[in-house]
file run.txt (compact mmCIF, C-alpha atoms)
# COMPACT_ATOMS: atom_id res chain seq x y z
CA ASP G 1 27.27 29.69 -10.77
CA PHE G 2 26.59 32.01 -13.71
CA ASN G 3 26.42 35.76 -12.99
CA ARG G 4 25.49 36.82 -16.53
CA PRO G 5 25.56 35.17 -19.94
CA GLY G 6 29.05 34.44 -21.17
CA GLN G 7 30.80 35.12 -17.83
CA ILE G 8 31.50 32.64 -14.97
CA ASP G 9 31.45 34.27 -11.55
CA ASN G 10 32.29 31.35 -9.23
CA LEU G 11 33.78 27.84 -9.58
CA ASN G 12 32.58 25.22 -7.12
CA ALA G 13 34.00 21.68 -6.64
CA THR G 14 32.77 19.07 -4.18
CA GLY G 15 34.05 15.57 -3.41
CA THR G 16 32.38 13.01 -1.14
CA VAL G 17 33.62 9.63 0.07
CA ALA G 18 31.37 7.11 1.83
CA TYR G 19 32.34 3.81 3.44
CA ASN G 20 30.20 1.10 4.94
CA LEU G 21 31.49 0.22 8.41
CA TYR G 22 28.90 -2.42 9.29
CA SER G 23 26.10 -3.89 7.19
CA GLY G 24 24.56 -6.23 9.70
CA GLY G 25 26.73 -9.13 8.53
CA ARG G 26 25.09 -9.24 5.12
CA ALA G 27 28.26 -8.58 3.13
CA THR G 28 30.25 -11.23 4.99
CA ALA G 29 27.45 -13.76 4.66
CA GLY G 30 27.06 -12.96 0.95
CA ARG G 31 30.74 -13.57 0.29
CA ALA G 32 30.59 -16.85 2.22
CA ALA G 33 27.55 -17.95 0.20
CA ALA G 34 29.30 -17.06 -3.05
CA ARG G 35 32.41 -19.03 -2.12
CA ALA G 36 30.34 -22.05 -1.08
CA GLY G 37 28.36 -21.88 -4.31
CA ALA G 38 31.56 -21.80 -6.37
CA GLU G 39 32.90 -24.80 -4.47
CA ALA G 40 29.66 -26.71 -5.06
CA ALA G 41 29.94 -26.03 -8.78
CA GLU G 42 33.53 -27.33 -8.83
CA ARG G 43 32.43 -30.50 -7.03
CA ASP G 44 29.68 -31.00 -9.59
CA VAL G 45 32.20 -30.72 -12.43
CA HIS G 46 34.48 -33.23 -10.71
CA SER G 47 31.59 -35.64 -10.24
CA ALA G 48 30.62 -35.26 -13.90
CA HIS G 49 34.19 -36.06 -14.98
CA GLN G 50 34.16 -39.20 -12.84
CA GLN G 51 30.83 -40.24 -14.31
CA LEU G 52 32.09 -39.77 -17.87
CA ALA G 53 35.31 -41.66 -17.17
CA ALA G 54 33.35 -44.55 -15.68
CA GLU G 55 31.04 -44.67 -18.70
CA VAL G 56 34.01 -44.72 -21.09
CA ILE G 57 35.62 -47.58 -19.16
CA LYS G 58 32.31 -49.45 -19.10
CA ALA G 59 31.96 -48.98 -22.87
CA THR G 60 35.50 -50.31 -23.32
CA PHE G 61 34.72 -53.40 -21.27
CA ASP G 62 31.46 -53.95 -23.11
CA LEU G 63 33.31 -53.82 -26.43
CA GLN G 64 35.97 -56.23 -25.25
CA LYS G 65 33.35 -58.55 -23.81
CA ALA G 66 31.37 -58.54 -27.06
CA ARG G 67 34.47 -59.30 -29.09
CA ASP G 68 35.53 -62.09 -26.75
CA ALA G 69 32.04 -63.53 -27.10
CA VAL G 70 32.54 -63.55 -30.88
CA THR G 71 35.82 -65.42 -30.37
CA ALA G 72 34.12 -67.99 -28.14
CA MET G 73 31.29 -68.51 -30.61
CA ALA G 74 33.77 -68.82 -33.50
CA SER G 75 35.61 -71.51 -31.57
CA GLY G 76 32.33 -73.37 -31.17
CA VAL G 77 31.65 -73.14 -34.88
CA LYS G 78 35.09 -74.57 -35.69
CA ALA G 79 34.56 -77.40 -33.23
CA TYR G 80 31.22 -78.30 -34.83
CA GLU G 81 32.77 -78.14 -38.29
CA ALA G 82 35.47 -80.60 -37.20
CA SER G 83 32.85 -82.93 -35.75
CA LEU G 84 30.77 -82.59 -38.92
CA ALA G 85 33.72 -83.68 -41.04
CA VAL G 86 34.04 -86.85 -38.98
CA ALA G 87 30.25 -87.39 -39.01
CA ARG G 88 30.02 -87.05 -42.80
CA ALA G 89 32.84 -89.53 -43.26
CA ARG G 90 31.07 -92.01 -41.00
CA PHE G 91 27.75 -91.39 -42.77
CA GLU G 92 29.30 -92.07 -46.18
CA ALA G 93 30.74 -95.27 -44.75
CA ASN G 94 27.23 -96.24 -43.59
CA LYS G 95 28.34 -96.10 -39.97
CA LEU G 96 26.15 -93.18 -38.90
CA LEU G 97 22.44 -92.59 -39.19
CA LYS G 98 21.29 -89.66 -41.30
CA SER G 99 19.18 -88.36 -38.43
CA ASP G 100 22.30 -88.06 -36.29
CA LEU G 101 24.12 -86.23 -39.05
CA LEU G 102 21.19 -83.87 -39.49
CA SER G 103 21.10 -83.19 -35.75
CA LEU G 104 24.73 -82.16 -35.85
CA GLU G 105 24.09 -80.06 -38.96
CA VAL G 106 21.23 -78.24 -37.20
CA GLN G 107 23.31 -77.59 -34.12
CA SER G 108 26.17 -76.28 -36.26
CA ALA G 109 23.79 -73.95 -38.13
CA GLU G 110 22.36 -72.63 -34.86
CA THR G 111 25.87 -71.94 -33.61
CA ARG G 112 26.70 -70.02 -36.80
CA GLU G 113 23.52 -68.01 -36.31
CA SER G 114 24.58 -67.22 -32.75
CA LEU G 115 27.97 -66.14 -34.12
CA LEU G 116 26.24 -63.66 -36.45
CA THR G 117 24.25 -62.29 -33.52
CA ALA G 118 27.44 -61.94 -31.46
CA ARG G 119 29.14 -60.05 -34.30
CA HIS G 120 26.19 -57.69 -34.54
CA ALA G 121 26.36 -57.07 -30.78
CA ALA G 122 30.09 -56.35 -31.10
CA GLU G 123 29.39 -53.80 -33.82
CA LEU G 124 26.81 -52.07 -31.62
CA ALA G 125 29.27 -52.05 -28.72
CA ALA G 126 31.88 -50.43 -31.00
CA ARG G 127 29.41 -47.71 -31.98
CA ALA G 128 28.56 -47.08 -28.32
CA PHE G 129 32.27 -46.84 -27.54
CA ARG G 130 32.74 -44.23 -30.27
CA PHE G 131 29.74 -42.32 -28.94
CA TYR G 132 31.22 -42.00 -25.45
CA LEU G 133 34.49 -40.79 -26.97
CA GLY G 134 32.65 -38.17 -28.99
CA LEU G 135 33.60 -39.74 -32.33
CA GLU G 136 31.53 -40.23 -35.45
CA ALA G 137 29.53 -43.43 -35.63
CA SER G 138 31.34 -44.50 -38.79
CA GLY G 139 35.09 -44.37 -39.01
CA ASP G 140 38.22 -46.43 -38.83
CA PRO G 141 37.92 -49.75 -36.99
CA ILE G 142 38.61 -49.55 -33.28
CA GLU G 143 41.62 -51.50 -32.11
CA LEU G 144 41.92 -52.26 -28.41
CA ALA G 145 45.16 -53.29 -26.76
CA ALA G 146 45.27 -57.02 -26.14
CA ASP G 147 46.70 -56.55 -22.65
CA ASP G 148 46.20 -52.93 -21.68
CA PRO G 149 48.42 -52.13 -18.65
CA ALA G 150 45.86 -49.60 -17.43
CA TRP G 151 43.53 -52.39 -16.33
CA LYS G 152 46.24 -53.78 -14.05
CA ARG G 153 46.03 -50.54 -12.09
CA LEU G 154 42.30 -51.03 -11.63
CA ALA G 155 42.48 -51.96 -7.95
CA LEU G 156 39.92 -52.29 -5.21
CA PRO G 157 39.69 -49.31 -2.84
CA GLU G 158 41.25 -49.88 0.55
CA GLY G 159 38.26 -48.65 2.55
CA ARG G 160 34.67 -47.49 2.27
CA ASP G 161 35.04 -43.89 3.42
CA LEU G 162 32.60 -41.52 1.73
CA ALA G 163 34.05 -38.37 3.31
CA ARG G 164 35.70 -37.25 0.05
CA HIS G 165 32.81 -38.12 -2.24
CA PRO G 166 32.39 -35.15 -4.63
CA GLN G 167 28.60 -35.35 -4.51
CA LEU G 168 28.56 -35.13 -0.72
CA LEU G 169 31.15 -32.36 -0.73
CA GLY G 170 29.04 -30.44 -3.23
CA LEU G 171 25.91 -30.82 -1.11
CA GLN G 172 27.83 -29.77 2.00
CA ALA G 173 28.96 -26.64 0.16
CA ARG G 174 25.36 -25.93 -0.86
CA LEU G 175 24.29 -26.31 2.77
CA ARG G 176 26.93 -23.79 3.84
CA ALA G 177 25.71 -21.42 1.12
CA ALA G 178 22.10 -21.81 2.31
CA GLU G 179 23.11 -21.17 5.93
CA ALA G 180 25.04 -18.08 4.83
CA ASN G 181 21.95 -16.86 2.99
CA VAL G 182 19.98 -17.20 6.23
CA GLU G 183 22.59 -15.08 7.98
CA ALA G 184 22.40 -12.50 5.18
CA ALA G 185 18.61 -12.37 5.39
CA GLN G 186 18.72 -11.91 9.15
CA GLY G 187 21.25 -9.10 8.70
CA ALA G 188 18.50 -6.93 7.23
CA ARG G 189 17.09 -6.55 10.78
CA ARG G 190 20.37 -5.21 12.14
CA PRO G 191 21.40 -1.59 11.81
CA THR G 192 23.92 -0.49 9.22
CA VAL G 193 26.72 1.94 10.03
CA ASN G 194 28.25 4.19 7.36
CA ALA G 195 31.05 6.73 7.51
CA PHE G 196 31.32 9.65 5.13
CA ALA G 197 33.64 12.59 4.42
CA SER G 198 33.01 15.58 2.17
CA TYR G 199 35.31 18.25 0.80
CA HIS G 200 34.15 21.56 -0.80
CA TYR G 201 36.18 24.11 -2.73
CA ASP G 202 35.01 27.59 -3.89
CA GLN G 203 36.85 29.95 -6.26
CA GLY G 204 35.58 33.49 -6.86
CA TRP G 205 37.07 34.95 -10.04
CA GLU G 206 35.89 38.54 -9.67
CA SER G 207 37.04 38.81 -6.07
CA ASN G 208 40.02 36.51 -6.75
CA ARG G 209 39.40 34.59 -3.56
CA ASP G 210 38.95 30.93 -2.74
CA ALA G 211 37.94 28.87 0.28
CA THR G 212 37.74 25.21 1.26
CA SER G 213 35.57 23.34 3.70
CA TRP G 214 35.11 19.72 4.73
CA SER G 215 32.83 17.63 6.83
CA ALA G 216 32.83 14.08 8.15
CA GLY G 217 30.49 11.93 10.15
CA VAL G 218 28.92 8.58 10.90
CA SER G 219 25.35 7.56 10.09
CA LEU G 220 23.27 4.79 11.61
CA ASP G 221 20.41 3.29 9.56
CA LEU G 222 17.79 1.01 11.09
CA ASN G 223 14.99 -0.63 9.13
CA VAL G 224 11.99 -0.15 11.39
CA PHE G 225 9.23 -1.43 9.12
CA ASP G 226 9.37 -2.95 5.64
CA GLY G 227 5.97 -4.56 5.35
CA GLY G 228 7.22 -8.02 6.37
CA GLN G 229 9.65 -8.38 3.47
CA THR G 230 12.60 -9.18 5.74
CA SER G 231 10.60 -11.79 7.67
CA GLY G 232 9.56 -13.40 4.40
CA ARG G 233 13.14 -13.56 3.13
CA ILE G 234 14.29 -15.10 6.41
CA ARG G 235 11.59 -17.77 6.29
CA GLN G 236 12.46 -18.57 2.67
CA ALA G 237 16.19 -18.78 3.43
CA ARG G 238 15.53 -21.05 6.41
CA ALA G 239 13.33 -23.31 4.30
CA GLU G 240 16.03 -23.56 1.63
CA SER G 241 18.61 -24.33 4.32
CA LEU G 242 16.41 -27.09 5.73
CA GLN G 243 15.89 -28.49 2.24
CA ALA G 244 19.66 -28.51 1.61
CA ARG G 245 20.23 -30.31 4.91
CA GLU G 246 17.66 -32.99 4.08
CA MET G 247 19.11 -33.42 0.59
CA LEU G 248 22.54 -33.98 2.15
CA ARG G 249 21.11 -36.53 4.59
CA LYS G 250 19.24 -38.36 1.82
CA ALA G 251 22.29 -38.40 -0.44
CA THR G 252 24.49 -39.72 2.37
CA LEU G 253 22.13 -42.62 3.04
CA GLY G 254 21.74 -43.32 -0.68
CA LEU G 255 25.48 -43.34 -1.33
CA GLU G 256 26.10 -45.61 1.65
CA LEU G 257 23.53 -48.04 0.26
CA ALA G 258 25.06 -47.80 -3.22
CA ALA G 259 28.51 -48.53 -1.79
CA GLN G 260 27.20 -51.60 0.03
CA ARG G 261 25.49 -52.85 -3.12
CA ALA G 262 28.63 -52.30 -5.16
CA HIS G 263 30.72 -54.17 -2.62
CA LEU G 264 28.32 -57.14 -2.62
CA ALA G 265 28.16 -57.08 -6.42
CA HIS G 266 31.95 -57.28 -6.63
CA ALA G 267 32.08 -60.16 -4.17
CA ASP G 268 29.45 -61.98 -6.24
CA ALA G 269 31.30 -61.30 -9.50
CA ARG G 270 34.57 -62.54 -8.06
CA GLU G 271 32.98 -65.79 -6.87
CA ARG G 272 31.27 -66.32 -10.22
CA LEU G 273 34.58 -65.77 -12.00
CA ALA G 274 36.28 -68.44 -9.90
CA VAL G 275 33.47 -70.93 -10.59
CA ALA G 276 33.39 -70.10 -14.32
CA THR G 277 37.15 -70.55 -14.64
CA SER G 278 36.94 -74.01 -13.10
CA ALA G 279 33.97 -74.88 -15.29
CA VAL G 280 35.91 -74.02 -18.47
CA ALA G 281 38.73 -76.34 -17.48
CA TYR G 282 36.29 -79.20 -16.87
CA ALA G 283 34.35 -78.48 -20.09
CA GLU G 284 37.53 -78.39 -22.20
CA GLU G 285 38.66 -81.74 -20.84
CA SER G 286 35.20 -83.25 -21.29
CA ALA G 287 34.88 -81.97 -24.87
CA GLY G 288 38.33 -83.28 -25.79
CA LEU G 289 37.52 -86.74 -24.48
CA THR G 290 34.13 -86.75 -26.20
CA ARG G 291 35.65 -85.81 -29.58
CA ALA G 292 38.24 -88.57 -29.29
CA ARG G 293 35.60 -91.14 -28.38
CA PHE G 294 33.37 -89.94 -31.21
CA GLU G 295 36.15 -90.54 -33.70
CA GLU G 296 36.43 -94.03 -32.24
CA GLN G 297 32.64 -94.45 -32.58
CA ALA G 298 32.30 -94.86 -28.83
CA VAL G 299 29.75 -92.07 -28.21
CA LEU G 300 26.63 -90.74 -29.91
CA ILE G 301 26.06 -87.48 -31.76
CA ALA G 302 24.00 -86.21 -28.84
CA ASP G 303 27.03 -86.58 -26.58
CA VAL G 304 29.16 -84.51 -28.96
CA ILE G 305 26.50 -81.81 -29.20
CA GLY G 306 26.14 -81.68 -25.43
CA ALA G 307 29.89 -81.50 -24.82
CA GLU G 308 30.46 -78.75 -27.39
CA SER G 309 27.48 -76.75 -26.15
CA ARG G 310 28.68 -76.96 -22.55
CA LEU G 311 32.17 -75.87 -23.57
CA MET G 312 30.91 -72.91 -25.56
CA GLN G 313 28.56 -71.79 -22.80
CA SER G 314 31.21 -72.15 -20.12
CA ARG G 315 33.62 -70.02 -22.14
CA LEU G 316 30.98 -67.36 -22.58
CA ARG G 317 30.17 -67.38 -18.87
CA ARG G 318 33.85 -67.01 -18.01
CA THR G 319 34.21 -64.12 -20.46
CA PHE G 320 31.19 -62.36 -18.99
CA ALA G 321 32.37 -63.06 -15.43
CA GLU G 322 35.80 -61.58 -16.13
CA PHE G 323 34.40 -58.30 -17.36
CA ASP G 324 31.65 -58.26 -14.74
CA GLU G 325 34.35 -58.44 -12.06
CA ARG G 326 36.23 -55.52 -13.62
CA LEU G 327 33.03 -53.52 -13.98
CA ALA G 328 32.17 -54.23 -10.37
CA VAL G 329 35.48 -52.68 -9.32
CA VAL G 330 34.72 -49.60 -11.41
CA GLU G 331 31.22 -49.31 -9.92
CA LEU G 332 32.58 -49.73 -6.39
CA ARG G 333 35.15 -46.98 -6.92
CA ARG G 334 32.49 -44.72 -8.41
CA ALA G 335 30.12 -45.44 -5.51
CA LEU G 336 32.87 -44.33 -3.11
CA GLY G 337 33.51 -41.15 -5.07
CA LEU G 338 36.91 -42.27 -6.35
CA ASN G 339 38.28 -41.97 -9.86
CA PRO G 340 37.69 -45.16 -11.90
CA LEU G 341 41.43 -45.42 -12.47
CA PRO G 342 43.87 -44.11 -9.84
CA GLU G 343 45.80 -41.94 -12.33
CA LEU G 344 42.71 -40.11 -13.64
call {"tool": "encode", "arguments": {"input": "run.txt", "output": "structure tokens"}}
result
Amino acid sequence: DFNRPGQIDNLNATGTVAYNLYSGGRATAGRAAARAGAEAAERDVHSAHQQLAAEVIKATFDLQKARDAVTAMASGVKAYEASLAVARARFEANKLLKSDLLSLEVQSAETRESLLTARHAAELAARAFRFYLGLEASGDPIELAADDPAWKRLALPEGRDLARHPQLLGLQARLRAAEANVEAAQGARRPTVNAFASYHYDQGWESNRDATSWSAGVSLDLNVFDGGQTSGRIRQARAESLQAREMLRKATLGLELAAQRAHLAHADARERLAVATSAVAYAEESAGLTRARFEEQAVLIADVIGAESRLMQSRLRRTFAEFDERLAVVELRRALGLNPLPEL
């Protein structure tokens, strides 16, 4: 207070402390919703990491498969070149028709063309591999380990439990957050209780006296009418909770179906690999016998072409089946919410 200009008559100081004793459960529900939201975000990050790891492994397998296909096609080209050498010698000795020689020449040229296509596919696979690693498209050649020990640890999961799937855990956390938001919205209808304490100090300079006073109390606030805002927030929160519950149910069914498909795909890939491995053994033996008989002039050019084509195709099918089986394991682990490799 100012008594006259330039002179202070009294000095007043007041301090007040307020504390919320009960907020209708809104604070507790808000903290629960925040914790559930943070957990859902962590689950999403974990799921994204798993997705990226699976894509990198898939890109690695695609690159290896493309390069093995180049190797198989190159072996076919060499086999045709060896047969062509024998055929040209027989043609020069007038023991082979020119039409047969030309047929072998055409087949050899088509195989070389397929080799060029396979090399182009391998180059594209290498670029895709660099993309998933975040590297520049052009750079040093990529060298893959011939027998990477990491792939030996790529094992089938022991069960089909989806309880720890990060996507489901994230949706469950979102459902808890939505339910907490419903509780927070309903808390607006409940009364709030606040406690307060106040302290007052007065100092009179002219009279040289001072005095203190304090007060404390409890207040009760009740929202009687808010124009339907609270009811609207409750309905919205309930609708969001119902939506989160249905999303969780849909995701659960979808992931169960994906796990079943992945399991069947792996079983199919494993059976195809066994058949393709046997077919390569038969094709190699058949091609070897056909080449020997061709040198002895016991078979026709068509037989040589057929034997070499079957051998090349069987090797390609085995190569594809090997990597398809590995990829099926990766997809099955991803469908179950597991890391593609156990150590990741």
call {"tool": "closest_residue", "arguments": {"input": "run.txt", "among": "G:Val329, G:Ala29, G:Ala216, G:Ala184", "to": "Ser198 of chain G", "atoms": "all atoms listed in the file"}}
result
G:Ala216
call {"tool": "closest_residue", "arguments": {"input": "run.txt", "among": "G:Ser314, G:Thr111, G:Ser47, G:Thr230", "to": "Ala281 of chain G", "atoms": "all atoms listed in the file"}}
result
G:Ser314
call {"tool": "closest_residue", "arguments": {"input": "run.txt", "among": "G:Ala298, G:Ala122, G:Leu341, G:Leu175", "to": "Val56 of chain G", "atoms": "only C-alpha atoms"}}
result
G:Leu341
call {"tool": "closest_residue", "arguments": {"input": "run.txt", "among": "G:Ser286, G:Ser231, G:Gln172, G:Asn223", "to": "Glu246 of chain G", "atoms": "only C-alpha atoms"}}
result
G:Gln172
call {"tool": "closest_atom_pairs", "arguments": {"input": "run.txt", "of": "segment 163-197 of chain G", "to": "segment 254-260 of chain G", "cutoff": "10 Å", "atoms": "all atoms listed in the file", "output": "JSON lines"}}
result
{"residue": "G:His165", "atom": "CA", "partner": "G:Leu255", "partner_atom": "CA", "distance": 9.0}
{"residue": "G:Gln167", "atom": "CA", "partner": "G:Leu255", "partner_atom": "CA", "distance": 9.1}
{"residue": "G:Leu168", "atom": "CA", "partner": "G:Leu255", "partner_atom": "CA", "distance": 8.8}
call {"tool": "closest_residue", "arguments": {"input": "run.txt", "among": "G:Ala137, G:Ala188, G:Ala82, G:Met312", "to": "Leu115 of chain G", "atoms": "all atoms listed in the file"}}
result
G:Met312
call {"tool": "atom_distance", "arguments": {"input": "run.txt", "atom1": "atom CA of Asp303 of chain G", "atom2": "atom CA of Thr117 of chain G"}}
result
25.4 Å
call {"tool": "residues_around", "arguments": {"input": "run.txt", "residues": "Glu179 of chain G", "least_positions_apart": "6", "cutoff": "8 Å", "atoms": "all atoms listed in the file", "output": "VMD selection string"}}
result
chain G and resid 33 237 to 238 241
call {"tool": "residues_around", "arguments": {"input": "run.txt", "residues": "Ala128 of chain G", "least_positions_apart": "4", "cutoff": "12 Å", "atoms": "only C-alpha atoms", "output": "count of residues only"}}
result
22
call {"tool": "atom_distance", "arguments": {"input": "run.txt", "atom1": "atom CA of Gly217 of chain G", "atom2": "atom CA of Ala195 of chain G"}}
result
5.9 Å
call {"tool": "residues_around", "arguments": {"input": "run.txt", "residues": "Arg315 of chain G", "least_positions_apart": "2", "cutoff": "8 Å", "atoms": "only C-alpha atoms", "output": "ChimeraX atom specification"}}
result
/G:72,276,280,311-313,317-319
call {"tool": "closest_residue", "arguments": {"input": "run.txt", "among": "G:Asp226, G:Glu105, G:Glu322, G:Asp221", "to": "Asn194 of chain G", "atoms": "only C-alpha atoms"}}
result
G:Asp221
